[in-house]
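Raw contents of work-v3.pdb, PDB, C-alpha atoms:
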```
ATOM      1  CA  MET A  13     224.748  -7.529 186.803  1.00  0.00           C
ATOM      2  CA  GLN A  14     225.013  -8.343 190.493  1.00  0.00           C
ATOM      3  CA  SER A  15     226.997  -6.986 193.408  1.00  0.00           C
ATOM      4  CA  SER A  16     229.403  -9.302 195.170  1.00  0.00           C
ATOM      5  CA  ASP A  17     228.436  -8.057 198.657  1.00  0.00           C
ATOM      6  CA  PRO A  18     225.841 -10.443 200.144  1.00  0.00           C
ATOM      7  CA  ASN A  19     224.945  -7.832 202.784  1.00  0.00           C
ATOM      8  CA  HIS A  20     224.087  -5.264 200.098  1.00  0.00           C
ATOM      9  CA  PRO A  21     222.584  -7.124 197.108  1.00  0.00           C
ATOM     10  CA  ILE A  22     222.301  -5.284 193.799  1.00  0.00           C
ATOM     11  CA  THR A  23     220.674  -6.735 190.692  1.00  0.00           C
ATOM     12  CA  CYS A  24     219.902  -5.160 187.367  1.00  0.00           C
ATOM     13  CA  ALA A  25     217.636  -6.467 184.596  1.00  0.00           C
ATOM     14  CA  ARG A  26     215.729  -5.109 181.606  1.00  0.00           C
ATOM     15  CA  GLU A  27     212.165  -4.004 182.152  1.00  0.00           C
ATOM     16  CA  SER A  28     209.677  -5.585 179.794  1.00  0.00           C
ATOM     17  CA  GLY A  29     207.795  -3.272 177.467  1.00  0.00           C
ATOM     18  CA  ARG A  30     208.259   0.352 176.523  1.00  0.00           C
ATOM     19  CA  VAL A  31     208.541   2.942 179.303  1.00  0.00           C
ATOM     20  CA  ARG A  32     207.941   6.680 178.995  1.00  0.00           C
ATOM     21  CA  VAL A  33     208.881   9.410 181.446  1.00  0.00           C
ATOM     22  CA  LEU A  34     206.385  12.272 181.676  1.00  0.00           C
ATOM     23  CA  PHE A  35     207.195  15.628 183.243  1.00  0.00           C
ATOM     24  CA  GLU A  36     204.079  17.758 183.773  1.00  0.00           C
ATOM     25  CA  GLY A  37     202.362  15.606 181.126  1.00  0.00           C
ATOM     26  CA  HIS A  38     205.136  16.070 178.547  1.00  0.00           C
ATOM     27  CA  GLU A  39     207.262  13.177 177.384  1.00  0.00           C
ATOM     28  CA  ILE A  40     210.875  13.591 178.440  1.00  0.00           C
ATOM     29  CA  ALA A  41     212.051   9.999 177.798  1.00  0.00           C
ATOM     30  CA  ASP A  42     210.766   7.013 175.825  1.00  0.00           C
ATOM     31  CA  SER A  43     212.579   3.683 175.645  1.00  0.00           C
ATOM     32  CA  ASP A  44     212.182  -0.050 175.267  1.00  0.00           C
ATOM     33  CA  ASP A  45     215.699  -0.533 176.723  1.00  0.00           C
ATOM     34  CA  VAL A  46     215.126   0.371 180.376  1.00  0.00           C
ATOM     35  CA  LEU A  47     217.220  -1.239 183.106  1.00  0.00           C
ATOM     36  CA  VAL A  48     215.719  -1.722 186.568  1.00  0.00           C
ATOM     37  CA  LEU A  49     218.244  -1.667 189.395  1.00  0.00           C
ATOM     38  CA  ARG A  50     217.257  -3.278 192.685  1.00  0.00           C
ATOM     39  CA  GLU A  51     219.581  -2.408 195.529  1.00  0.00           C
ATOM     40  CA  ALA A  52     219.255  -3.772 199.053  1.00  0.00           C
ATOM     41  CA  ASP A  53     216.045  -2.397 200.618  1.00  0.00           C
ATOM     42  CA  TYR A  54     215.794   0.695 198.374  1.00  0.00           C
ATOM     43  CA  PRO A  55     212.921   1.115 195.896  1.00  0.00           C
ATOM     44  CA  PRO A  56     213.749  -0.110 192.366  1.00  0.00           C
ATOM     45  CA  VAL A  57     215.219   2.523 190.021  1.00  0.00           C
ATOM     46  CA  ARG A  58     214.746   2.734 186.237  1.00  0.00           C
ATOM     47  CA  TYR A  59     217.780   3.707 184.121  1.00  0.00           C
ATOM     48  CA  PHE A  60     217.184   5.027 180.587  1.00  0.00           C
ATOM     49  CA  PRO A  61     219.677   5.161 177.701  1.00  0.00           C
ATOM     50  CA  ARG A  62     220.809   8.747 177.126  1.00  0.00           C
ATOM     51  CA  GLY A  63     219.780   8.508 173.455  1.00  0.00           C
ATOM     52  CA  ASP A  64     216.167   7.899 174.510  1.00  0.00           C
ATOM     53  CA  VAL A  65     216.008  10.982 176.773  1.00  0.00           C
ATOM     54  CA  ALA A  66     215.128  14.492 175.555  1.00  0.00           C
ATOM     55  CA  MET A  67     218.443  15.991 176.697  1.00  0.00           C
ATOM     56  CA  ALA A  68     217.381  19.435 175.420  1.00  0.00           C
ATOM     57  CA  PHE A  69     215.352  19.767 178.650  1.00  0.00           C
ATOM     58  CA  LEU A  70     218.205  18.740 180.965  1.00  0.00           C
ATOM     59  CA  ARG A  71     221.267  20.708 182.096  1.00  0.00           C
ATOM     60  CA  ARG A  72     224.120  19.195 184.033  1.00  0.00           C
ATOM     61  CA  SER A  73     224.435  20.709 187.505  1.00  0.00           C
ATOM     62  CA  ASP A  74     227.474  20.986 189.766  1.00  0.00           C
ATOM     63  CA  LYS A  75     226.168  18.353 192.175  1.00  0.00           C
ATOM     64  CA  THR A  76     227.950  15.013 192.453  1.00  0.00           C
ATOM     65  CA  THR A  77     227.588  12.192 194.954  1.00  0.00           C
ATOM     66  CA  ARG A  78     229.470   8.991 195.553  1.00  0.00           C
ATOM     67  CA  CYS A  79     227.996   5.553 196.157  1.00  0.00           C
ATOM     68  CA  PRO A  80     230.423   2.925 197.507  1.00  0.00           C
ATOM     69  CA  TYR A  81     228.755   0.318 195.281  1.00  0.00           C
ATOM     70  CA  LYS A  82     228.107   2.207 192.025  1.00  0.00           C
ATOM     71  CA  GLY A  83     230.615   5.076 191.998  1.00  0.00           C
ATOM     72  CA  SER A  84     230.283   8.822 191.337  1.00  0.00           C
ATOM     73  CA  ALA A  85     226.960  10.157 190.143  1.00  0.00           C
ATOM     74  CA  SER A  86     226.482  13.408 188.237  1.00  0.00           C
ATOM     75  CA  TYR A  87     223.178  15.275 188.346  1.00  0.00           C
ATOM     76  CA  TYR A  88     220.945  17.099 185.885  1.00  0.00           C
ATOM     77  CA  THR A  89     218.300  19.780 186.340  1.00  0.00           C
ATOM     78  CA  ILE A  90     215.050  19.654 184.366  1.00  0.00           C
ATOM     79  CA  TYR A  91     214.131  22.865 182.498  1.00  0.00           C
ATOM     80  CA  ARG A  92     210.717  22.524 180.868  1.00  0.00           C
ATOM     81  CA  ASP A  93     207.727  24.836 180.381  1.00  0.00           C
ATOM     82  CA  GLY A  94     209.135  27.510 182.671  1.00  0.00           C
ATOM     83  CA  GLN A  95     209.725  25.027 185.481  1.00  0.00           C
ATOM     84  CA  ILE A  96     213.100  24.221 186.971  1.00  0.00           C
ATOM     85  CA  ILE A  97     213.546  21.058 189.034  1.00  0.00           C
ATOM     86  CA  GLU A  98     217.086  20.972 190.350  1.00  0.00           C
ATOM     87  CA  ASP A  99     219.006  17.702 190.462  1.00  0.00           C
ATOM     88  CA  ALA A 100     215.978  15.618 189.440  1.00  0.00           C
ATOM     89  CA  VAL A 101     218.018  13.250 187.265  1.00  0.00           C
ATOM     90  CA  TRP A 102     221.294  11.422 187.871  1.00  0.00           C
ATOM     91  CA  SER A 103     223.784   9.353 185.906  1.00  0.00           C
ATOM     92  CA  TYR A 104     226.859   7.196 186.516  1.00  0.00           C
ATOM     93  CA  GLU A 105     229.253   8.257 183.751  1.00  0.00           C
ATOM     94  CA  ALA A 106     232.000   5.833 184.849  1.00  0.00           C
ATOM     95  CA  PRO A 107     230.522   3.387 187.368  1.00  0.00           C
ATOM     96  CA  LEU A 108     232.580   1.018 189.480  1.00  0.00           C
ATOM     97  CA  PRO A 109     233.511  -2.446 188.146  1.00  0.00           C
ATOM     98  CA  GLY A 110     230.479  -4.716 188.018  1.00  0.00           C
ATOM     99  CA  MET A 111     228.100  -1.784 187.400  1.00  0.00           C
ATOM    100  CA  GLU A 112     229.177  -1.033 183.807  1.00  0.00           C
ATOM    101  CA  ARG A 113     225.647  -1.557 182.452  1.00  0.00           C
ATOM    102  CA  LEU A 114     224.663   1.764 184.065  1.00  0.00           C
ATOM    103  CA  THR A 115     227.302   3.737 182.155  1.00  0.00           C
ATOM    104  CA  GLY A 116     225.792   6.948 180.811  1.00  0.00           C
ATOM    105  CA  ARG A 117     222.198   5.926 181.585  1.00  0.00           C
ATOM    106  CA  LEU A 118     219.877   8.377 183.303  1.00  0.00           C
ATOM    107  CA  ALA A 119     217.576   7.825 186.284  1.00  0.00           C
ATOM    108  CA  PHE A 120     214.737  10.132 187.348  1.00  0.00           C
ATOM    109  CA  TYR A 121     213.543  10.836 190.879  1.00  0.00           C
ATOM    110  CA  PRO A 122     209.955   9.505 190.853  1.00  0.00           C
ATOM    111  CA  GLN A 123     208.589  12.429 192.895  1.00  0.00           C
ATOM    112  CA  HIS A 124     209.285  14.736 189.928  1.00  0.00           C
ATOM    113  CA  VAL A 125     208.084  12.623 186.989  1.00  0.00           C
ATOM    114  CA  ASP A 126     205.518   9.997 186.072  1.00  0.00           C
ATOM    115  CA  PHE A 127     206.431   6.679 184.491  1.00  0.00           C
ATOM    116  CA  GLN A 128     204.182   5.084 181.897  1.00  0.00           C
ATOM    117  CA  ASN A 129     204.659   1.489 180.841  1.00  0.00           C
ATOM    118  CA  ASP A 130     203.265   0.567 177.411  1.00  0.00           C
ATOM    119  CA  ALA A 131     199.628   1.615 177.106  1.00  0.00           C
ATOM    120  CA  LEU A 132     199.056   2.110 180.831  1.00  0.00           C
ATOM    121  CA  SER A 133     198.299   5.493 182.352  1.00  0.00           C
ATOM    122  CA  PRO A 134     200.880   7.053 184.676  1.00  0.00           C
ATOM    123  CA  ALA A 135     198.627   6.252 187.638  1.00  0.00           C
ATOM    124  CA  GLU A 136     198.371   2.605 186.585  1.00  0.00           C
ATOM    125  CA  THR A 137     202.117   2.398 185.968  1.00  0.00           C
ATOM    126  CA  ALA A 138     202.835   3.813 189.429  1.00  0.00           C
ATOM    127  CA  THR A 139     201.089   0.804 190.975  1.00  0.00           C
ATOM    128  CA  ILE A 140     203.258  -1.679 189.064  1.00  0.00           C
ATOM    129  CA  PRO A 141     206.727  -2.207 190.523  1.00  0.00           C
ATOM    130  CA  PRO A 142     209.496  -1.521 187.975  1.00  0.00           C
ATOM    131  CA  GLY A 143     210.477  -4.664 186.133  1.00  0.00           C
ATOM    132  CA  THR A 144     207.054  -6.252 186.460  1.00  0.00           C
ATOM    133  CA  ALA A 145     205.297  -6.941 183.195  1.00  0.00           C
ATOM    134  CA  PRO A 146     202.127  -4.924 182.559  1.00  0.00           C
ATOM    135  CA  ARG A 147     198.809  -6.709 182.748  1.00  0.00           C
ATOM    136  CA  ASP A 148     197.889  -8.744 179.762  1.00  0.00           C
ATOM    137  CA  ALA A 149     194.946  -7.414 177.726  1.00  0.00           C
ATOM    138  CA  ARG A 150     193.017 -10.596 178.566  1.00  0.00           C
ATOM    139  CA  ASP A 151     193.335  -9.796 182.292  1.00  0.00           C
ATOM    140  CA  ILE A 152     192.003  -6.279 181.736  1.00  0.00           C
ATOM    141  CA  ASP A 153     189.081  -7.636 179.721  1.00  0.00           C
ATOM    142  CA  ALA A 154     188.255 -10.030 182.585  1.00  0.00           C
ATOM    143  CA  ILE A 155     188.254  -7.126 185.057  1.00  0.00           C
ATOM    144  CA  VAL A 156     185.919  -5.058 182.875  1.00  0.00           C
ATOM    145  CA  ARG A 157     183.493  -7.964 182.620  1.00  0.00           C
ATOM    146  CA  HIS A 158     182.840  -8.056 186.368  1.00  0.00           C
ATOM    147  CA  THR A 159     181.069  -5.525 188.524  1.00  0.00           C
ATOM    148  CA  ASP A 160     182.247  -4.358 191.917  1.00  0.00           C
ATOM    149  CA  SER A 161     179.259  -6.145 193.435  1.00  0.00           C
ATOM    150  CA  GLY A 162     180.761  -9.482 192.458  1.00  0.00           C
ATOM    151  CA  SER A 163     177.606 -10.506 190.597  1.00  0.00           C
ATOM    152  CA  GLY A 164     179.627 -11.422 187.530  1.00  0.00           C
ATOM    153  CA  ALA A 165     177.378  -9.337 185.276  1.00  0.00           C
ATOM    154  CA  SER A 166     179.314  -7.960 182.331  1.00  0.00           C
ATOM    155  CA  GLN A 167     180.044  -4.263 181.994  1.00  0.00           C
ATOM    156  CA  ALA A 168     181.319  -4.799 178.464  1.00  0.00           C
ATOM    157  CA  GLU A 169     177.925  -4.377 176.771  1.00  0.00           C
ATOM    158  CA  HIS A 170     176.480  -0.909 176.413  1.00  0.00           C
ATOM    159  CA  TRP A 171     173.514  -0.016 178.563  1.00  0.00           C
ATOM    160  CA  ASP A 172     170.603   2.338 177.847  1.00  0.00           C
ATOM    161  CA  ALA A 173     170.982   5.966 178.830  1.00  0.00           C
ATOM    162  CA  ASN A 174     169.211   6.892 182.053  1.00  0.00           C
ATOM    163  CA  VAL A 175     168.815  10.593 181.168  1.00  0.00           C
ATOM    164  CA  SER A 176     167.318  12.374 178.195  1.00  0.00           C
ATOM    165  CA  MET A 177     168.622  15.396 176.343  1.00  0.00           C
ATOM    166  CA  PRO A 178     166.708  18.677 176.689  1.00  0.00           C
ATOM    167  CA  ASP A 179     164.296  19.379 173.878  1.00  0.00           C
ATOM    168  CA  ASP A 180     165.381  22.699 172.337  1.00  0.00           C
ATOM    169  CA  GLU A 181     162.183  22.927 170.286  1.00  0.00           C
ATOM    170  CA  ALA A 182     160.088  23.073 173.480  1.00  0.00           C
ATOM    171  CA  TRP A 183     161.694  26.432 174.292  1.00  0.00           C
ATOM    172  CA  GLU A 184     161.086  28.028 170.901  1.00  0.00           C
ATOM    173  CA  GLY A 185     158.108  30.388 170.886  1.00  0.00           C
ATOM    174  CA  ASP A 186     156.871  29.374 174.321  1.00  0.00           C
ATOM    175  CA  GLU A 187     156.660  32.800 175.964  1.00  0.00           C
ATOM    176  CA  ASP A 188     154.289  31.701 178.749  1.00  0.00           C
ATOM    177  CA  GLN A 189     156.720  29.171 180.166  1.00  0.00           C
ATOM    178  CA  VAL A 190     157.336  29.686 183.887  1.00  0.00           C
ATOM    179  CA  ILE A 191     160.922  28.425 183.687  1.00  0.00           C
ATOM    180  CA  GLY A 192     162.902  30.484 181.176  1.00  0.00           C
ATOM    181  CA  ARG A 193     165.485  29.160 178.801  1.00  0.00           C
ATOM    182  CA  PRO A 194     168.747  28.414 180.587  1.00  0.00           C
ATOM    183  CA  TYR A 195     171.091  31.417 180.535  1.00  0.00           C
ATOM    184  CA  HIS A 196     168.593  33.477 178.506  1.00  0.00           C
ATOM    185  CA  GLY A 197     169.416  37.188 178.731  1.00  0.00           C
ATOM    186  CA  THR A 198     172.559  36.680 180.801  1.00  0.00           C
ATOM    187  CA  GLY A 199     175.007  37.414 178.013  1.00  0.00           C
ATOM    188  CA  SER A 200     176.305  33.853 178.208  1.00  0.00           C
ATOM    189  CA  ILE A 201     177.057  31.878 175.141  1.00  0.00           C
TER     190      ILE A 201
END
```

Let me see the file written as structure tokens.
Amino acid sequence: MQSSDPNHPITCARESGRVRVLFEGHEIADSDDVLVLREADYPPVRYFPRGDVAMAFLRRSDKTTRCPYKGSASYYTIYRDGQIIEDAVWSYEAPLPGMERLTGRLAFYPQHVDFQNDALSPAETATIPPGTAPRDARDIDAIVRHTDSGSGASQAEHWDANVSMPDDEAWEGDEDQVIGRPYHGTGSI
């Protein structure tokens, strides 16, 4: 999908991999059919199929807006875990000609949710522009194998512990010890 206005380019393509939407750490959408819309100089926007969104946590609001390129958008409020985020989600129910791929899909304002692509954390996903493939596992392995110092020494192998565990037996029956047992007599567990 592309817009015909060269002064306001719009493209839309599928994002590779599976994308989840997390609200306060709870999954609110999960799909491997996410469209990424790139419009002029705006940040890319992910659109999720309605069937892949937990609609039980969304309520349609009265708000509507109109885009001269995409058409009328309707809005939804998130209700989850006692939190209410008004108009945090939008959808083009009947977009303008040329934008039909957006029909009924939902987009989330990124300031209210976290996106997670495949096995990446939300923080890692936030650094990857929508539509960009996640790092290959071989790339991640190469990163782990190098230290920040640039020495090239591997961090993949386990290293010896540099601390020892306290010896509980040393405390038993040692009444003359100057330092008492930690938390002894404080009522702590």

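Across the structure, atom CA of A:Lys75 and atom CA of A:Val125 are spaced 19.7 Å apart.
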
Would you mind listing what lies within 7 Å of A:Asp130 as a short mmCIF file (atom, residue, chain, number, x, y, z; two decimals) with C-alpha atoms, keeping the file's coordinate frame, with all atoms listed in the file counted and same-chain residues fewer than 4 positions away left out?
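Saved result, result_17.cif, follows:
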```cif
data_model
loop_
_atom_site.label_atom_id
_atom_site.label_comp_id
_atom_site.auth_asym_id
_atom_site.auth_seq_id
_atom_site.Cartn_x
_atom_site.Cartn_y
_atom_site.Cartn_z
CA GLY A 29 207.80 -3.27 177.47
CA ARG A 30 208.26 0.35 176.52
CA VAL A 31 208.54 2.94 179.30
#
```

Atom pair atom CA of A:Asp126 + atom CA of A:Leu34, distance 5.0 Å

- prompt: Selected by the PyMOL selection byres ((chain A and resi 71) around 7) in the shown coordinates: which residues, as a ChimeraX atom specification?
  reply: /A:69-70,72-73,88-90

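Across the model, the gap from atom CA of A:Gln95 to atom CA of A:Val57 is 23.6 Å.
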
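With all atoms listed in the file as the atoms that count, the residue of A:Tyr59, A:Phe35, A:Phe127, A:Tyr81 with the shortest distance to A:Ile22 is A:Tyr81.
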
Write out as a ChimeraX atom specification the residues lying within 12 Å of A:Met111, counting only C-alpha atoms and excluding same-chain residues fewer than 6 positions away. /A:13-16,22-25,47,49,51,79-84,104-105,117

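The smallest atom-to-atom distance between A:Asp17 and any of A:Pro55, A:Gly37, A:Gly110, A:Pro61, using only C-alpha atoms, is found for A:Gly110.
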
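When only C-alpha atoms are used to measure the gap to A:Asp44, the shortest distance among A:Pro56, A:Pro122, A:Ala106, A:Asn129 belongs to A:Asn129.
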
As JSON, what would the box around stretch 78-96 of chain A look like: edges along x, y and z, 3 Å added on every side, centre and edge lengths in Å to one decimal?
```
{"center_x": 219.2, "center_y": 13.9, "center_z": 188.9, "size_x": 28.9, "size_y": 33.2, "size_z": 23.1}
```

Problem set entry | Expansion of the PyMOL selection byres ((chain A and resi 119) around 9) into residues, as a VMD selection string | chain A and resid 57 to 60 100 to 103 117 to 118 120 to 121

Judged by only C-alpha atoms, the minimum distance to A:Arg113 among A:Glu36, A:Asp45, A:Asp64, A:Asp99 is found for A:Asp45

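Using only C-alpha atoms for every distance, the candidate list A:Ile96, A:Leu108, A:Ala66, A:Ala85 yields A:Ala66 as the residue closest to A:Ser43.
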